[in-house]
>>> print(open('entry_6.cif').read())   # mmCIF, C-alpha atoms
data_start
loop_
_atom_site.label_atom_id
_atom_site.label_comp_id
_atom_site.auth_asym_id
_atom_site.auth_seq_id
_atom_site.Cartn_x
_atom_site.Cartn_y
_atom_site.Cartn_z
CA MET A 1 0.00 0.00 0.00
CA ARG A 2 1.36 3.40 -0.98
CA LEU A 3 1.00 6.14 1.60
CA THR A 4 0.25 9.80 1.03
CA ARG A 5 2.15 12.44 2.94
CA ALA A 6 -0.96 13.05 5.07
CA GLN A 7 -1.21 9.35 6.00
CA TYR A 8 2.53 9.24 6.73
CA HIS A 9 2.17 12.21 9.10
CA ARG A 10 -0.80 10.60 10.88
CA LEU A 11 1.21 7.40 11.41
CA GLY A 12 4.05 9.48 12.84
CA GLU A 13 1.65 11.32 15.17
CA VAL A 14 0.41 8.03 16.67
CA GLY A 15 4.00 6.95 17.33
CA LEU A 16 4.47 4.28 14.66
CA PHE A 17 7.94 5.60 13.81
CA GLU A 18 9.03 6.27 17.39
CA GLY A 19 12.79 5.96 17.75
CA ARG A 20 13.36 5.45 14.02
CA ARG A 21 14.77 7.72 11.32
CA VAL A 22 12.38 7.43 8.37
CA GLN A 23 11.45 9.25 5.18
CA LEU A 24 8.63 8.83 2.68
CA ILE A 25 9.75 8.07 -0.89
CA GLU A 26 7.14 7.45 -3.58
CA GLY A 27 4.57 6.29 -1.02
CA GLU A 28 6.98 3.92 0.75
CA VAL A 29 8.36 4.46 4.25
CA ILE A 30 12.12 4.08 4.05
CA VAL A 31 13.98 3.36 7.29
CA MET A 32 17.30 5.17 7.32
CA ALA A 33 20.38 3.46 8.71
CA PRO A 34 21.77 4.63 12.03
CA MET A 35 24.33 7.37 11.58
CA GLY A 36 27.91 6.35 12.20
CA ALA A 37 31.01 8.53 12.46
CA ASP A 38 31.83 8.05 8.76
CA HIS A 39 28.56 9.85 7.98
CA ALA A 40 28.37 12.22 10.94
CA HIS A 41 31.81 13.80 10.61
CA PRO A 42 31.39 14.87 6.93
CA LEU A 43 27.87 16.05 7.74
CA MET A 44 29.14 18.33 10.51
CA GLU A 45 32.03 19.65 8.39
CA LEU A 46 29.87 20.19 5.32
CA ASN A 47 27.28 22.04 7.40
CA GLU A 48 29.95 24.48 8.55
CA ARG A 49 31.22 25.09 5.01
CA LEU A 50 27.76 25.50 3.48
CA VAL A 51 26.67 27.99 6.15
CA ARG A 52 29.76 30.12 5.49
CA ALA A 53 29.38 29.97 1.69
CA LEU A 54 25.61 30.41 1.48
CA PRO A 55 24.63 33.31 -0.79
CA SER A 56 22.35 35.97 0.64
CA GLY A 57 18.63 35.23 0.34
CA PHE A 58 18.94 31.46 0.82
CA LYS A 59 18.31 29.14 3.75
CA LEU A 60 20.15 25.94 4.60
CA ARG A 61 17.84 23.15 5.78
CA PRO A 62 19.85 20.33 7.40
CA GLN A 63 18.08 16.96 7.49
CA LEU A 64 14.65 18.52 7.14
CA PRO A 65 11.90 17.26 4.84
CA LEU A 66 10.95 18.47 1.39
CA ALA A 67 7.31 18.05 0.32
CA LEU A 68 7.74 16.49 -3.11
CA GLY A 69 4.23 15.73 -4.33
CA ASP A 70 1.59 13.79 -2.43
CA GLU A 71 3.70 10.64 -1.87
CA SER A 72 7.24 11.80 -1.06
CA GLU A 73 8.86 13.59 1.81
CA PRO A 74 12.59 12.93 1.54
CA GLN A 75 15.00 14.33 4.10
CA PRO A 76 18.19 15.23 2.27
CA ASP A 77 21.19 15.84 4.48
CA PHE A 78 21.04 19.43 3.20
CA ALA A 79 18.58 21.35 1.09
CA ILE A 80 19.22 24.93 0.08
CA VAL A 81 16.06 26.89 -0.61
CA ALA A 82 15.36 30.49 -1.51
CA ALA A 83 14.24 32.28 1.64
CA GLY A 84 10.88 33.32 0.17
CA ASP A 85 10.09 30.16 -1.81
CA TRP A 86 7.85 28.48 0.75
CA ASP A 87 5.26 29.11 3.41
CA SER A 88 6.89 28.25 6.75
CA SER A 89 3.69 26.44 7.84
CA ASP A 90 4.64 23.56 5.52
CA ASN A 91 7.82 22.08 4.11
CA PRO A 92 9.28 23.50 0.88
CA THR A 93 8.14 21.81 -2.33
CA SER A 94 11.54 22.13 -3.96
CA ALA A 95 15.12 23.20 -3.37
CA ARG A 96 17.80 24.85 -5.44
CA LEU A 97 20.35 22.26 -4.29
CA ALA A 98 19.92 18.96 -2.44
CA VAL A 99 22.98 17.33 -0.86
CA GLU A 100 23.34 13.77 0.42
CA VAL A 101 26.29 12.51 2.46
CA SER A 102 26.42 8.86 1.53
CA ASP A 103 28.16 5.81 2.88
CA SER A 104 25.82 2.81 3.26
CA SER A 105 23.03 4.40 1.18
CA LEU A 106 25.04 5.24 -1.96
CA ALA A 107 23.03 3.09 -4.39
CA PHE A 108 19.74 4.47 -3.05
CA ASP A 109 20.99 8.09 -3.14
CA LEU A 110 22.30 7.77 -6.70
CA GLY A 111 19.27 5.83 -7.91
CA ARG A 112 15.83 6.32 -6.48
CA LYS A 113 16.52 9.51 -4.56
CA ALA A 114 18.33 11.25 -7.44
CA ALA A 115 15.48 10.25 -9.78
CA LEU A 116 12.98 11.77 -7.34
CA HIS A 117 14.98 15.00 -7.16
CA ALA A 118 15.10 15.14 -10.97
CA ARG A 119 11.38 14.46 -11.36
CA PHE A 120 10.60 17.35 -9.02
CA ARG A 121 12.97 19.63 -10.94
CA ILE A 122 15.56 20.27 -8.24
CA PRO A 123 18.16 21.96 -10.46
CA GLU A 124 21.17 20.37 -8.79
CA SER A 125 21.77 17.41 -6.51
CA TRP A 126 25.09 16.44 -4.92
CA VAL A 127 26.01 13.08 -3.45
CA LEU A 128 29.16 13.08 -1.34
CA ASP A 129 30.55 9.53 -1.52
CA VAL A 130 32.29 9.06 1.83
CA LYS A 131 34.05 5.81 0.91
CA GLU A 132 35.53 7.05 -2.40
CA ARG A 133 35.95 10.65 -1.20
CA THR A 134 34.32 11.99 -4.35
CA LEU A 135 31.33 14.17 -5.16
CA ILE A 136 28.77 13.09 -7.74
CA VAL A 137 27.12 16.20 -9.18
CA HIS A 138 23.72 15.87 -10.89
CA ARG A 139 22.55 18.76 -13.06
CA THR A 140 19.85 19.45 -15.66
CA PRO A 141 16.86 17.50 -14.34
CA GLY A 142 14.74 15.49 -16.79
CA ALA A 143 11.48 13.60 -16.33
CA THR A 144 13.10 10.55 -14.71
CA LYS A 145 16.78 11.39 -14.23
CA TYR A 146 19.42 14.08 -14.48
CA ARG A 147 20.89 14.62 -17.94
CA SER A 148 24.31 15.60 -16.58
CA VAL A 149 26.10 13.49 -13.96
CA LYS A 150 29.77 14.08 -13.17
CA THR A 151 32.05 12.60 -10.54
CA LEU A 152 34.50 15.09 -9.07
CA LYS A 153 37.71 13.94 -7.45
CA ASP A 154 39.16 17.43 -7.05
CA LEU A 155 37.07 18.86 -4.24
CA SER A 156 39.11 22.01 -3.63
CA ALA A 157 36.59 24.44 -5.13
CA VAL A 158 33.21 22.90 -5.87
CA SER A 159 30.76 25.42 -7.33
CA SER A 160 27.02 25.16 -7.76
CA SER A 161 25.49 26.08 -11.10
CA ALA A 162 22.09 26.44 -9.41
CA LEU A 163 23.38 28.88 -6.79
CA PRO A 164 25.77 31.39 -8.32
CA GLY A 165 28.30 32.41 -5.71
CA LEU A 166 28.23 29.11 -3.82
CA THR A 167 31.71 27.59 -3.89
CA VAL A 168 32.95 25.25 -1.16
CA ASP A 169 36.20 23.46 -0.41
CA LEU A 170 35.34 19.86 0.42
CA ARG A 171 38.86 18.42 0.66
CA HIS A 172 38.83 18.19 4.44
CA VAL A 173 35.27 17.14 5.22
CA PHE A 174 36.08 13.45 5.63
CA ALA A 175 36.93 11.79 8.92
CA ARG A 176 40.60 10.98 9.31
CA ARG A 177 41.42 7.32 8.88
CA ARG A 178 43.37 5.76 11.70
#
>>> encode(input="entry_6.cif", output="structure tokens")
Amino acid sequence: MRLTRAQYHRLGEVGLFEGRRVQLIEGEVIVMAPMGADHAHPLMELNERLVRALPSGFKLRPQLPLALGDESEPQPDFAIVAAGDWDSSDNPTSARLAVEVSDSSLAFDLGRKAALHARFRIPESWVLDVKERTLIVHRTPGATKYRSVKTLKDLSAVSSSALPGLTVDLRHVFARRR
């Protein structure tokens, strides 16, 4: 059975998801893996860099939902939205840039989640691959996928085409290996 966002919220209100990290993708409740240090450290570092680099007039939404249609409410690690693009009584219906920090969820983030972002016309989506220490940049959304996908190994000055003025140095966001 596929759930709507309204049904998903009602189930959350009665405590069905208590103690779990979940998101709604295409009517399906997806349980997110517990967050380990390999995910948490880059998340913390990336948050700091994005806040400093954020152009005026935009808001950074860390791990907060986007209302993508009636059946999806993903929670990207970061979504950057224009400050006036949504009514604060509900979640934004799009973002200029969605960012995922990915270790155990790489296939999901590059597949189903990227396709969802493309379908809802998010102009740019980044997936930071923690294991390979690369950034996969998706641009030019189409009906079912992004038309441009590039893997960046040089992370010294990553710029967004969807947010002119946003350039971040991602070389040092990864946890040190012991």
>>> closest_atom_pairs(input="entry_6.cif", of="stretch 106-174 of chain A", to="stretch 54-65 of chain A", cutoff="12 Å", atoms="all atoms listed in the file", output="CSV")
residue,atom,partner,partner_atom,distance
A:Ser159,CA,A:Leu54,CA,11.4
A:Ser160,CA,A:Leu54,CA,10.7
A:Ala162,CA,A:Pro55,CA,11.3
A:Leu163,CA,A:Pro55,CA,7.6
A:Pro164,CA,A:Pro55,CA,7.9
A:Gly165,CA,A:Pro55,CA,6.2
A:Leu166,CA,A:Leu54,CA,6.1
A:Thr167,CA,A:Leu54,CA,8.6
A:Val168,CA,A:Leu54,CA,9.4
>>> residues_around(input="entry_6.cif", residues="stretch 2-6 of chain A", least_positions_apart="3", cutoff="10 Å", atoms="only C-alpha atoms", output="list of chain:residue names")
A:His9, A:Arg10, A:Leu11, A:Gly12, A:Leu24, A:Ile25, A:Glu26, A:Gly27, A:Glu28, A:Val29, A:Ala67, A:Leu68, A:Gly69, A:Asp70, A:Glu71, A:Ser72, A:Glu73
>>> resolve_selection(input="entry_6.cif", expression="the PyMOL selection byres ((chain A and resi 143) around 8)", output="compact mmCIF listing (two decimals) with C-alpha atoms, in the coordinates of the input")
# COMPACT_ATOMS: atom_id res chain seq x y z
CA ALA A 118 15.10 15.14 -10.97
CA ARG A 119 11.38 14.46 -11.36
CA PRO A 141 16.86 17.50 -14.34
CA GLY A 142 14.74 15.49 -16.79
CA THR A 144 13.10 10.55 -14.71
CA LYS A 145 16.78 11.39 -14.23
>>> closest_residue(input="entry_6.cif", among="A:Ile122, A:Leu155, A:Val101, A:Ala107", to="A:Ala40", atoms="only C-alpha atoms")
A:Val101
>>> resolve_selection(input="entry_6.cif", expression="the PyMOL selection byres ((chain A and resi 38) around 10)", output="PyMOL selection string")
chain A and resi 35-37+39-43+101-104+130-131+174-177
>>> atom_distance(input="entry_6.cif", atom1="atom CA of A:Tyr8", atom2="atom CA of A:Arg139")
29.7 Å
>>> atom_distance(input="entry_6.cif", atom1="atom CA of A:Glu124", atom2="atom CA of A:Ser161")
7.5 Å
>>> resolve_selection(input="entry_6.cif", expression="the PyMOL selection byres ((chain A and resi 154) around 12)", output="ChimeraX atom specification")
/A:132-136,150-153,155-159,168-172
>>> residues_near_point(input="entry_6.cif", point="(19.0, 13.8, 2.9)", cutoff="7 Å", atoms="all atoms listed in the file", output="VMD selection string")
chain A and resid 63 74 to 78 99 to 100
>>> closest_residue(input="entry_6.cif", among="A:Arg96, A:Ile30, A:Ala82, A:Asn91", to="A:Lys113", atoms="only C-alpha atoms")
A:Ile30
>>> residues_around(input="entry_6.cif", residues="A:Leu97", least_positions_apart="2", cutoff="6 Å", atoms="all atoms listed in the file", output="list in words")
Ala79, Ile80, Ala95, Glu124 and Ser125 of chain A
>>> atom_distance(input="entry_6.cif", atom1="atom CA of A:Val31", atom2="atom CA of A:Ser148")
28.7 Å
